[in-house]
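Below is the file final.cif, which contains mmCIF, C-alpha atoms and all ligand atoms.
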```cif
data_start
#
loop_
_atom_site.label_atom_id
_atom_site.label_comp_id
_atom_site.auth_asym_id
_atom_site.auth_seq_id
_atom_site.Cartn_x
_atom_site.Cartn_y
_atom_site.Cartn_z
CA MET A 29 -14.18 -0.13 17.11
CA THR A 30 -10.73 -1.64 17.23
CA ILE A 31 -10.46 -4.93 15.36
CA THR A 32 -8.06 -7.47 16.78
CA LEU A 33 -7.01 -10.60 14.93
CA SER A 34 -5.32 -12.99 17.31
CA GLN A 35 -3.42 -15.91 15.79
CA VAL A 36 -5.97 -16.06 12.97
CA SER A 37 -5.13 -18.50 10.19
CA LYS A 38 -6.86 -20.07 7.20
CA VAL A 39 -6.04 -23.42 5.65
CA PHE A 40 -7.75 -24.68 2.48
CA GLY A 41 -7.07 -28.44 2.22
CA ASP A 42 -3.29 -28.68 2.48
CA PHE A 43 -2.70 -25.04 1.42
CA THR A 44 -2.21 -22.36 4.04
CA ALA A 45 -3.69 -19.13 2.65
CA VAL A 46 -3.11 -17.16 5.87
CA HIS A 47 -0.48 -18.13 8.45
CA PRO A 48 -1.30 -17.38 12.11
CA LEU A 49 -1.66 -13.62 12.12
CA ASP A 50 -1.77 -11.04 14.91
CA LEU A 51 -3.13 -7.71 13.75
CA THR A 52 -4.64 -4.72 15.52
CA ILE A 53 -6.65 -2.32 13.39
CA PRO A 54 -7.15 0.88 15.41
CA GLU A 55 -10.62 2.39 15.78
CA GLY A 56 -11.34 5.10 13.23
CA SER A 57 -8.34 4.32 11.07
CA PHE A 58 -8.12 3.82 7.33
CA PHE A 59 -6.27 0.53 7.18
CA ALA A 60 -5.01 -1.13 4.00
CA LEU A 61 -4.15 -4.78 3.40
CA LEU A 62 -1.73 -4.58 0.48
CA GLY A 63 -0.17 -7.38 -1.54
CA ALA A 64 0.06 -9.17 -4.85
CA SER A 65 -2.59 -11.59 -6.06
CA GLY A 66 -2.86 -14.69 -3.88
CA CYS A 67 -1.10 -13.28 -0.79
CA GLY A 68 -4.12 -13.87 1.45
CA LYS A 69 -5.47 -10.35 1.79
CA THR A 70 -9.03 -11.11 0.62
CA THR A 71 -9.18 -14.21 2.82
CA THR A 72 -8.15 -12.04 5.80
CA LEU A 73 -10.86 -9.51 4.98
CA ARG A 74 -13.45 -12.27 4.58
CA MET A 75 -12.59 -13.61 8.04
CA ILE A 76 -13.27 -10.16 9.50
CA ALA A 77 -16.60 -10.05 7.62
CA GLY A 78 -17.53 -13.56 8.80
CA LEU A 79 -17.71 -14.83 5.23
CA GLU A 80 -14.86 -17.27 5.94
CA ASP A 81 -14.34 -19.27 9.16
CA PRO A 82 -10.79 -19.04 10.50
CA SER A 83 -8.99 -22.39 10.86
CA SER A 84 -7.57 -21.09 14.15
CA GLY A 85 -7.51 -17.97 16.29
CA SER A 86 -10.09 -15.34 17.12
CA VAL A 87 -11.49 -12.08 15.76
CA LEU A 88 -12.38 -9.38 18.28
CA LEU A 89 -14.34 -6.20 17.81
CA GLY A 90 -13.53 -3.98 20.76
CA ASP A 91 -13.68 -6.47 23.66
CA GLN A 92 -16.23 -8.72 22.01
CA ASP A 93 -15.16 -12.03 20.47
CA ILE A 94 -17.08 -12.20 17.17
CA THR A 95 -15.34 -15.28 15.73
CA ALA A 96 -18.53 -17.36 15.87
CA LEU A 97 -20.98 -14.60 14.81
CA PRO A 98 -22.54 -14.97 11.36
CA PRO A 99 -21.89 -12.08 8.93
CA HIS A 100 -25.29 -10.39 9.31
CA LYS A 101 -24.93 -10.22 13.10
CA ARG A 102 -21.59 -8.37 12.86
CA PRO A 103 -21.63 -4.54 12.87
CA VAL A 104 -19.57 -4.76 9.68
CA ASN A 105 -20.45 -4.14 6.05
CA THR A 106 -18.56 -4.86 2.85
CA VAL A 107 -18.22 -3.07 -0.48
CA PHE A 108 -17.05 -5.34 -3.29
CA GLN A 109 -15.42 -4.56 -6.62
CA SER A 110 -18.62 -5.63 -8.39
CA TYR A 111 -20.90 -3.21 -6.57
CA ALA A 112 -23.99 -5.29 -7.43
CA LEU A 113 -26.47 -2.42 -7.35
CA PHE A 114 -30.10 -3.32 -8.08
CA PRO A 115 -30.51 -2.32 -11.74
CA HIS A 116 -34.29 -1.74 -11.52
CA LEU A 117 -34.03 0.54 -8.45
CA ASP A 118 -32.91 4.15 -8.65
CA VAL A 119 -30.03 5.59 -6.61
CA TYR A 120 -32.34 6.63 -3.77
CA GLU A 121 -33.96 3.21 -3.44
CA ASN A 122 -30.64 1.39 -3.76
CA ILE A 123 -29.36 3.40 -0.80
CA ALA A 124 -32.63 2.98 1.15
CA PHE A 125 -32.68 -0.77 0.60
CA GLY A 126 -30.98 -1.81 3.85
CA LEU A 127 -33.33 0.33 5.96
CA ARG A 128 -36.49 -0.81 4.16
CA ARG A 129 -35.48 -4.44 4.63
CA GLN A 130 -35.26 -3.81 8.37
CA GLY A 131 -38.79 -2.40 8.24
CA VAL A 132 -37.72 1.19 8.93
CA LYS A 133 -40.68 3.43 7.90
CA SER A 134 -39.21 6.89 7.50
CA VAL A 135 -36.01 6.53 5.55
CA ALA A 136 -35.86 10.02 4.03
CA GLY A 137 -33.60 11.71 6.59
CA LYS A 138 -30.98 9.01 6.52
CA VAL A 139 -31.03 8.54 2.75
CA ASP A 140 -30.62 12.30 2.24
CA GLU A 141 -27.73 12.30 4.65
CA MET A 142 -26.03 9.51 2.66
CA LEU A 143 -26.73 11.24 -0.67
CA ASP A 144 -25.01 14.34 0.74
CA LEU A 145 -22.10 12.30 2.01
CA VAL A 146 -21.37 10.81 -1.42
CA GLU A 147 -22.46 14.00 -3.25
CA LEU A 148 -25.09 12.32 -5.40
CA GLY A 149 -28.18 14.33 -4.37
CA PRO A 150 -28.93 15.57 -7.90
CA MET A 151 -28.76 12.00 -9.24
CA ALA A 152 -31.09 10.42 -6.69
CA ARG A 153 -33.66 9.40 -9.30
CA ARG A 154 -31.27 7.93 -11.84
CA LYS A 155 -30.94 4.21 -12.42
CA PRO A 156 -27.48 2.62 -11.97
CA ARG A 157 -27.00 2.25 -15.76
CA GLN A 158 -27.29 6.06 -16.06
CA LEU A 159 -24.28 6.56 -13.79
CA SER A 160 -20.52 6.44 -14.37
CA GLY A 161 -18.47 3.70 -12.72
CA GLY A 162 -17.27 6.08 -10.02
CA GLN A 163 -20.81 7.26 -9.26
CA GLN A 164 -22.02 3.66 -9.02
CA GLN A 165 -19.19 2.96 -6.61
CA ARG A 166 -20.31 5.90 -4.45
CA VAL A 167 -23.85 4.49 -4.36
CA ALA A 168 -22.41 1.17 -3.21
CA VAL A 169 -20.51 2.96 -0.42
CA ALA A 170 -23.63 4.91 0.66
CA ARG A 171 -25.67 1.71 0.66
CA ALA A 172 -23.10 -0.02 2.84
CA LEU A 173 -22.88 2.89 5.30
CA ILE A 174 -26.59 3.60 5.81
CA ASN A 175 -26.97 0.90 8.46
CA ARG A 176 -24.22 2.63 10.41
CA PRO A 177 -21.77 -0.25 10.59
CA GLN A 178 -18.84 0.17 12.95
CA VAL A 179 -16.46 -1.12 10.34
CA LEU A 180 -16.54 -0.84 6.54
CA LEU A 181 -14.62 -3.45 4.57
CA LEU A 182 -13.62 -2.59 1.00
CA ASP A 183 -12.49 -5.40 -1.30
CA GLU A 184 -10.66 -3.87 -4.30
CA PRO A 185 -13.55 -1.40 -4.60
CA LEU A 186 -11.85 0.63 -7.32
CA GLY A 187 -10.59 -2.34 -9.34
CA ALA A 188 -13.04 -1.85 -12.20
CA LEU A 189 -12.36 1.86 -12.70
CA ASP A 190 -9.90 3.41 -15.12
CA LEU A 191 -6.79 5.06 -13.72
CA LYS A 192 -8.01 8.66 -13.67
CA LEU A 193 -11.29 7.76 -11.97
CA ARG A 194 -9.44 5.55 -9.50
CA ARG A 195 -7.32 8.50 -8.42
CA GLN A 196 -10.42 10.67 -7.93
CA MET A 197 -12.24 7.96 -6.01
CA GLN A 198 -9.23 7.38 -3.76
CA LEU A 199 -9.47 10.96 -2.53
CA GLU A 200 -13.26 10.67 -2.36
CA LEU A 201 -13.17 7.50 -0.23
CA LYS A 202 -10.60 9.07 2.07
CA ARG A 203 -12.86 12.12 2.51
CA ILE A 204 -15.88 9.91 3.23
CA GLN A 205 -13.91 7.94 5.82
CA THR A 206 -12.78 11.16 7.51
CA ASP A 207 -16.40 12.42 7.52
CA VAL A 208 -17.97 9.30 9.03
CA GLY A 209 -14.98 8.51 11.27
CA ILE A 210 -15.47 4.74 11.33
CA THR A 211 -12.80 2.12 10.67
CA PHE A 212 -12.25 1.33 6.98
CA VAL A 213 -10.32 -1.80 6.02
CA HIS A 214 -9.30 -1.67 2.38
CA VAL A 215 -7.88 -4.54 0.33
CA THR A 216 -5.77 -3.60 -2.69
CA HIS A 217 -2.86 -4.79 -4.81
CA ASP A 218 -2.08 -1.17 -5.83
CA GLN A 219 0.72 0.23 -3.68
CA GLU A 220 0.05 3.81 -4.69
CA GLU A 221 -3.61 3.43 -3.74
CA ALA A 222 -2.71 2.03 -0.31
CA MET A 223 -0.16 4.78 0.32
CA THR A 224 -2.51 7.59 -0.77
CA MET A 225 -5.44 6.55 1.37
CA ALA A 226 -4.34 4.55 4.36
CA ASP A 227 -3.09 5.66 7.78
CA GLN A 228 -1.65 2.20 8.29
CA VAL A 229 -0.67 -0.38 5.69
CA ALA A 230 -0.09 -4.10 6.29
CA VAL A 231 2.02 -5.45 3.43
CA MET A 232 1.18 -9.14 2.92
CA TYR A 233 3.28 -11.74 1.12
CA GLY A 234 2.72 -15.49 1.04
CA GLY A 235 -0.01 -15.46 3.70
CA ARG A 236 1.99 -13.40 6.18
CA VAL A 237 2.26 -9.72 7.08
CA GLU A 238 5.76 -8.69 5.98
CA GLN A 239 5.61 -5.26 7.54
CA LEU A 240 3.05 -2.98 9.11
CA GLY A 241 3.28 0.77 9.39
CA ALA A 242 2.39 4.23 8.16
CA PRO A 243 3.03 4.65 4.41
CA ALA A 244 6.06 6.93 4.84
CA GLU A 245 7.60 4.60 7.41
CA LEU A 246 7.22 1.58 5.08
CA TYR A 247 8.65 3.51 2.17
CA GLU A 248 11.61 5.07 3.99
CA ASN A 249 12.46 2.14 6.17
CA PRO A 250 11.56 -1.17 4.54
CA ARG A 251 12.57 -4.23 6.52
CA THR A 252 12.47 -6.85 3.77
CA THR A 253 13.41 -6.99 0.09
CA PHE A 254 9.76 -7.62 -0.77
CA VAL A 255 8.62 -4.37 0.87
CA ALA A 256 11.61 -2.46 -0.56
CA ASN A 257 10.75 -3.55 -4.11
CA PHE A 258 6.95 -3.75 -3.93
CA LEU A 259 6.51 -0.22 -2.54
CA GLY A 260 8.18 1.97 -5.16
CA THR A 261 11.66 1.14 -6.43
CA SER A 262 14.80 0.39 -4.42
CA ASN A 263 18.43 -0.02 -5.32
CA LEU A 264 19.73 -3.04 -3.41
CA ILE A 265 23.52 -3.23 -3.47
CA GLU A 266 25.31 -6.41 -2.41
CA ALA A 267 27.92 -5.50 0.18
CA GLU A 268 30.05 -6.83 3.01
CA VAL A 269 30.23 -5.48 6.54
CA VAL A 270 33.78 -4.21 7.15
CA ASP A 271 33.30 -2.66 10.54
CA ALA A 272 30.29 -2.40 12.83
CA GLY A 273 30.39 0.72 15.02
CA SER A 274 27.73 1.81 17.49
CA ASP A 275 26.16 4.52 15.26
CA HIS A 276 27.27 3.43 11.82
CA ALA A 277 28.50 0.33 10.08
CA LEU A 278 31.08 0.55 7.33
CA LEU A 279 30.26 -1.56 4.26
CA LYS A 280 32.22 -2.43 1.16
CA ALA A 281 30.55 -2.85 -2.24
CA ALA A 282 33.05 -3.57 -5.02
CA ASP A 283 35.67 -0.83 -4.38
CA SER A 284 33.27 1.57 -2.70
CA LYS A 285 32.91 2.17 1.02
CA LEU A 286 29.38 2.90 2.24
CA ARG A 287 28.11 4.02 5.62
CA LEU A 288 24.91 2.59 7.07
CA PRO A 289 23.21 3.89 10.25
CA THR A 290 23.01 0.86 12.56
CA GLU A 291 19.40 1.70 13.49
CA ARG A 292 18.44 1.24 9.82
CA ALA A 293 19.96 -2.25 9.56
CA HIS A 294 17.36 -5.01 9.69
CA THR A 295 19.87 -7.79 9.97
CA THR A 296 22.93 -8.63 12.06
CA LEU A 297 26.01 -6.46 11.61
CA ARG A 298 29.24 -8.37 12.12
CA ALA A 299 32.46 -7.84 10.22
CA GLY A 300 32.48 -10.26 7.29
CA ASP A 301 28.65 -10.57 7.06
CA ARG A 302 27.02 -10.18 3.68
CA ILE A 303 24.31 -7.50 3.57
CA LEU A 304 22.09 -5.70 1.05
CA ALA A 305 22.56 -1.92 1.21
CA GLY A 306 19.38 -0.20 0.00
CA VAL A 307 18.79 3.34 -1.22
CA ARG A 308 15.79 4.87 -2.98
CA PRO A 309 16.42 6.34 -6.48
CA GLU A 310 15.32 9.89 -5.57
CA LYS A 311 17.81 10.09 -2.69
CA ILE A 312 20.76 9.77 -5.09
CA SER A 313 22.49 12.69 -6.84
CA LEU A 314 24.55 12.35 -10.01
CA THR A 315 27.77 14.22 -10.62
CA LEU A 316 30.07 13.82 -13.63
CA ALA A 317 33.13 11.80 -12.65
CA ALA A 318 35.32 14.71 -13.82
CA ASP A 319 33.66 16.95 -11.18
CA GLU A 320 33.93 14.45 -8.32
CA GLY A 321 35.94 16.98 -6.30
CA THR A 322 32.79 19.11 -5.87
CA ILE A 323 30.93 16.39 -3.92
CA PRO A 324 30.86 17.22 -0.20
CA GLU A 325 32.73 14.94 2.18
CA GLY A 326 30.85 12.33 4.13
CA ARG A 327 28.44 11.21 1.43
CA ASN A 328 28.14 7.62 0.26
CA ARG A 329 29.42 7.41 -3.29
CA VAL A 330 29.75 4.78 -6.00
CA PRO A 331 31.09 5.24 -9.55
CA GLY A 332 29.16 4.25 -12.67
CA THR A 333 28.28 4.87 -16.29
CA ILE A 334 24.88 6.12 -17.43
CA THR A 335 23.23 3.57 -19.73
CA ASP A 336 19.81 5.15 -20.08
CA ALA A 337 18.11 8.49 -19.40
CA SER A 338 14.33 9.04 -19.66
CA PHE A 339 13.04 12.60 -19.50
CA LEU A 340 9.65 12.62 -17.72
CA GLY A 341 9.01 16.35 -17.41
CA VAL A 342 9.19 16.82 -13.64
CA SER A 343 12.08 14.43 -13.37
CA THR A 344 14.62 12.46 -15.34
CA GLN A 345 15.11 8.78 -14.59
CA TYR A 346 18.60 7.41 -15.15
CA VAL A 347 19.88 3.86 -15.25
CA VAL A 348 23.50 3.57 -14.20
CA ASN A 349 25.80 0.56 -14.40
CA SER A 350 28.21 0.44 -11.50
CA PRO A 351 30.78 -2.04 -10.22
CA ALA A 352 28.67 -1.89 -7.03
CA GLY A 353 25.56 -3.08 -8.86
CA PRO A 354 23.98 -3.35 -12.29
CA GLU A 355 21.16 -1.05 -13.38
CA LEU A 356 21.02 1.33 -10.45
CA ALA A 357 18.05 3.70 -10.72
CA VAL A 358 18.45 7.42 -10.08
CA TYR A 359 15.60 9.98 -10.20
CA GLU A 360 16.59 13.62 -10.48
CA GLN A 361 14.18 16.54 -10.27
CA ASN A 362 14.48 18.79 -13.31
CA VAL A 363 15.63 21.92 -11.54
CA GLU A 364 19.01 22.75 -12.96
CA ARG A 365 19.57 19.89 -15.32
CA ASP A 366 23.13 19.08 -16.31
CA SER A 367 22.92 18.44 -20.05
CA ARG A 368 26.12 16.41 -19.89
CA LEU A 369 24.33 13.63 -17.99
CA ILE A 370 23.60 11.42 -20.98
CA PRO A 371 24.11 7.74 -21.79
CA GLY A 372 27.80 6.93 -21.89
CA ALA A 373 28.74 9.58 -19.31
CA ASP A 374 30.94 8.46 -16.40
CA VAL A 375 29.38 9.62 -13.16
CA VAL A 376 29.48 9.35 -9.41
CA LEU A 377 26.28 8.46 -7.56
CA HIS A 378 26.22 9.99 -4.11
CA TRP A 379 23.78 10.26 -1.24
CA ASN A 380 23.46 11.08 2.41
CA PRO A 381 24.38 7.91 4.36
CA ALA A 382 21.29 8.49 6.55
CA HIS A 383 19.15 7.34 3.60
CA THR A 384 20.81 3.93 3.42
CA PHE A 385 18.98 0.90 4.82
CA GLY A 386 20.38 -2.57 5.42
CA LEU A 387 18.59 -5.83 4.64
CA ASP A 388 19.31 -9.49 5.24
CA SER A 389 21.16 -10.82 2.19
CA ALA A 390 19.66 -14.29 2.58
CA GLN A 391 16.42 -12.97 1.01
CA ALA A 392 15.75 -12.99 -2.72
CA ILE A 393 17.08 -9.65 -3.96
CA ASP A 394 14.26 -9.39 -6.51
CA ALA A 395 11.28 -10.32 -4.25
CA GLY A 396 8.38 -8.01 -5.02
CA THR A 397 9.42 -7.35 -8.62
CA GLY A 398 8.00 -9.15 -11.67
CA GLU A 399 5.58 -11.99 -10.94
CA ASP A 400 5.39 -11.23 -7.24
CA ALA A 401 4.19 -7.74 -7.96
CA ALA A 402 1.39 -8.75 -10.32
P1 LIG B 501 -6.51 -11.66 -5.10
O1 LIG B 501 -6.12 -10.23 -5.12
O2 LIG B 501 -6.14 -12.40 -6.34
O3 LIG B 501 -7.90 -11.91 -4.64
P2 LIG B 501 -5.64 -12.30 -2.44
O4 LIG B 501 -4.36 -11.83 -1.89
O5 LIG B 501 -6.83 -11.59 -2.00
O6 LIG B 501 -5.56 -12.35 -4.00
P3 LIG B 501 -6.87 -14.64 -1.42
O7 LIG B 501 -8.11 -14.51 -2.21
O8 LIG B 501 -6.92 -14.32 0.01
O9 LIG B 501 -5.70 -13.83 -2.10
O10 LIG B 501 -6.32 -16.13 -1.60
C1 LIG B 501 -5.14 -16.57 -0.97
C2 LIG B 501 -4.83 -17.96 -1.48
O11 LIG B 501 -5.81 -18.88 -1.02
C3 LIG B 501 -4.83 -18.07 -2.99
O12 LIG B 501 -3.73 -18.87 -3.38
C4 LIG B 501 -6.14 -18.74 -3.32
O13 LIG B 501 -6.02 -19.53 -4.47
C5 LIG B 501 -6.40 -19.58 -2.09
N1 LIG B 501 -7.84 -19.71 -1.84
C6 LIG B 501 -8.71 -18.71 -1.60
N2 LIG B 501 -9.96 -19.19 -1.40
C7 LIG B 501 -9.88 -20.54 -1.53
C8 LIG B 501 -10.83 -21.61 -1.44
N3 LIG B 501 -12.10 -21.39 -1.15
N4 LIG B 501 -10.36 -22.85 -1.63
C9 LIG B 501 -9.07 -23.11 -1.89
N5 LIG B 501 -8.12 -22.13 -1.99
C10 LIG B 501 -8.51 -20.87 -1.81
#
```
With the file now loaded, output its structure as structure tokens.
Amino acid sequence: MTITLSQVSKVFGDFTAVHPLDLTIPEGSFFALLGASGCGKTTTLRMIAGLEDPSSGSVLLGDQDITALPPHKRPVNTVFQSYALFPHLDVYENIAFGLRRQGVKSVAGKVDEMLDLVELGPMARRKPRQLSGGQQQRVAVARALINRPQVLLLDEPLGALDLKLRRQMQLELKRIQTDVGITFVHVTHDQEEAMTMADQVAVMYGGRVEQLGAPAELYENPRTTFVANFLGTSNLIEAEVVDAGSDHALLKAADSKLRLPTERAHTTLRAGDRILAGVRPEKISLTLAADEGTIPEGRNRVPGTITDASFLGVSTQYVVNSPAGPELAVYEQNVERDSRLIPGADVVLHWNPAHTFGLDSAQAIDAGTGEDAA
């Protein structure tokens, strides 16, 4: 079922946790609400579950307005970070619990189906304490799905797991969602988790949705500094618009001229305007300044000096100081590594202008880094 939030807000006392929000969560999608602590994502999820009354607006499931329905009357179930399994019941009975409570007599078929879904058949008679964290989480998911909800809400369900198990469970949850085909709404502060699992991600900041889109779209074409910095790393270069053409704008950053496709500018483009020119670190190539003549025409280029190089196996991450900006990040795949690219080397950073994006310079250049990203 499609979930529609229409002008939904939540105010606690004089604090607005969620500003009026319009959101459509398509039927059958894996949808992530992503943001740092306190951005309002859990409150939004709780309003879908019915655990929190909106201060304004309405929540629709398909065509039905469910704003006034209590949680247990909604065809929605929630999996929390603390899975709260019954310790004295085994896996089988934990999963069967919802059906037994409804007075369903023959639970076997459905419980077996759920055990298969989460691949815990051989562990059906174990108690929760005899399971790993990831296995307990799978029991919690099976228990939430057995009543066949139309929507499953997941509130930081992998928060208690260590990194390796989290990665496994991300793939596992995605597989389960594909198998059952119902809408999953997943709350997380982990950008990699949201990008791995979700079809659509709503990035929240300060009680508002900053940007909504498929993971690759958000990553390649961020519209705000928060999204640019919170999803991966971005170089944001302060520049001035020199000329605004129909396809491209010409920018000036220190002594460098940069080209920006107008369709990738998320701010006005008038000669004299300040702008932030963004480029992702892996889009940039490094060439020694002495070899600048080998760089093909038409690429954006800025000069700089390498201040740091970290070898990470598959790639090397460089930090480059440039008149165009301090501490520019460059990630190079280790294919044919130039051993002369070491700290102290004078270099040219260059990239295809098509990878440049333009952001409104009135925003904080560091939004989504540090505290914001906690
Ligand atoms: P976290 O990941 O830390 O849970 P979140 O993005 O899910 O963060 P919410 O739990 O939605 O954030 O909270 C949003 C804001 O609303 C926070 O500043 C929080 O302190 C505040 N808030 C949440 N519930 C209440 C409440 N019952 N009373 C007062 N303020 C609340």
Point-to-point distance in Å for CA of Leu246 in chain A and CA of Gln219 in chain A
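Going from CA of Gln219 in chain A over to CA of Leu246 in chain A, I get 11.0 Å.
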Excluding range 356-372 of chain A and residues on its chain fewer than 4 positions from it, collect all residues at most 10 Å away from it, counting all atoms listed in the file, and give them as a PyMOL selection string.
chain A and resi 261-265+307-316+332-350+352+377
Could those residues be written to a file, using C-alpha atoms, as a short mmCIF file (atom, residue, chain, number, x, y, z; two decimals), in the frame of the given file?
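Just written: result_35.cif:
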```cif
data_model
loop_
_atom_site.label_atom_id
_atom_site.label_comp_id
_atom_site.auth_asym_id
_atom_site.auth_seq_id
_atom_site.Cartn_x
_atom_site.Cartn_y
_atom_site.Cartn_z
CA THR A 261 11.66 1.14 -6.43
CA SER A 262 14.80 0.39 -4.42
CA ASN A 263 18.43 -0.02 -5.32
CA LEU A 264 19.73 -3.04 -3.41
CA ILE A 265 23.52 -3.23 -3.47
CA VAL A 307 18.79 3.34 -1.22
CA ARG A 308 15.79 4.87 -2.98
CA PRO A 309 16.42 6.34 -6.48
CA GLU A 310 15.32 9.89 -5.57
CA LYS A 311 17.81 10.09 -2.69
CA ILE A 312 20.76 9.77 -5.09
CA SER A 313 22.49 12.69 -6.84
CA LEU A 314 24.55 12.35 -10.01
CA THR A 315 27.77 14.22 -10.62
CA LEU A 316 30.07 13.82 -13.63
CA GLY A 332 29.16 4.25 -12.67
CA THR A 333 28.28 4.87 -16.29
CA ILE A 334 24.88 6.12 -17.43
CA THR A 335 23.23 3.57 -19.73
CA ASP A 336 19.81 5.15 -20.08
CA ALA A 337 18.11 8.49 -19.40
CA SER A 338 14.33 9.04 -19.66
CA PHE A 339 13.04 12.60 -19.50
CA LEU A 340 9.65 12.62 -17.72
CA GLY A 341 9.01 16.35 -17.41
CA VAL A 342 9.19 16.82 -13.64
CA SER A 343 12.08 14.43 -13.37
CA THR A 344 14.62 12.46 -15.34
CA GLN A 345 15.11 8.78 -14.59
CA TYR A 346 18.60 7.41 -15.15
CA VAL A 347 19.88 3.86 -15.25
CA VAL A 348 23.50 3.57 -14.20
CA ASN A 349 25.80 0.56 -14.40
CA SER A 350 28.21 0.44 -11.50
CA ALA A 352 28.67 -1.89 -7.03
CA LEU A 377 26.28 8.46 -7.56
#
```
Got a sec: who's within 9 Å of Asp218 in chain A, counting all atoms listed in the file, leaving out chain neighbours fewer than 5 positions off, as an NGL selection string?
:A and (62-64 or 223)
Which is closest to ligand LIG 501 (chain B) among A:Lys192, A:Arg154, A:His214, A:Arg251, if we use all atoms listed in the file?
A:His214
List every residue of chain A that has an atom at most 7 Å from any atom of ligand LIG 501 (chain B), and for each one report the closest atom pair and its distance in Å to one decimal, counting only C-alpha atoms and all ligand atoms, with rows sorted by chain and then by increasing residue number, as CSV.
```
residue,atom,partner,partner_atom,distance
A:Phe40,CA,B:LIG501,C9,4.8
A:Ala45,CA,B:LIG501,O11,4.2
A:Gly63,CA,B:LIG501,O4,6.1
A:Ala64,CA,B:LIG501,O4,5.9
A:Ser65,CA,B:LIG501,O2,3.7
A:Gly66,CA,B:LIG501,O9,3.5
A:Cys67,CA,B:LIG501,O4,3.7
A:Gly68,CA,B:LIG501,O8,3.2
A:Lys69,CA,B:LIG501,O4,4.1
A:Thr70,CA,B:LIG501,O5,3.5
A:Thr71,CA,B:LIG501,O8,3.6
A:Thr72,CA,B:LIG501,O8,6.3
A:His217,CA,B:LIG501,O1,6.3
```
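With only C-alpha atoms as the basis for measurement, A:Thr30 is the residue among A:Thr44, A:Gln163, A:Thr30, A:Ser134 that approaches Asp91 in chain A most closely.
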Per-axis box centre and lengths in Å around range 204-208 of chain A, 4 Å margin per side, axis-aligned, as JSON:
```
{"center_x": -15.4, "center_y": 10.2, "center_z": 6.1, "size_x": 13.2, "size_y": 12.5, "size_z": 13.8}
```
Kindly indicate which residue among A:Arg292, A:Arg236, A:Arg329, A:Lys138 lies nearest to Lys280 in chain A, using all atoms listed in the file for the distances.
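Once distances to Lys280 in chain A are computed over all atoms listed in the file, the minimum belongs to A:Arg329.
Closest approach to Gln178 in chain A among A:Gly126, A:Gly90, A:Pro98, A:Pro250 is made by A:Gly90 (distances from only C-alpha atoms).
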What separation in Å, quoted to one decimal, exists between CA of Gly306 in chain A and CA of Thr252 in chain A?
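Between CA of Gly306 in chain A and CA of Thr252 in chain A the gap works out to 10.3 Å.
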Between A:Ala395, A:Val87, A:Leu33, A:Ala77, which one has atoms that come closest to Pro99 in chain A, using only C-alpha atoms?
A:Ala77
d(CA of Glu121 in chain A, CA of Gly209 in chain A) in Å
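Going from CA of Glu121 in chain A over to CA of Gly209 in chain A covers 24.6 Å.
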Within 12 Å of Ala390 in chain A, counting all atoms listed in the file, which residues qualify if same-chain residues fewer than 4 places away don't, as number ranges by chain?
A: 252-253, 266, 294-296, 301-304, 394-395
Can you tell me, as a VMD selection string, which residues sit within 8 Å of (7.1, 4.5, 0.0) in the file's frame, using all atoms listed in the file?
chain A and resid 223 243 to 248 259 to 260
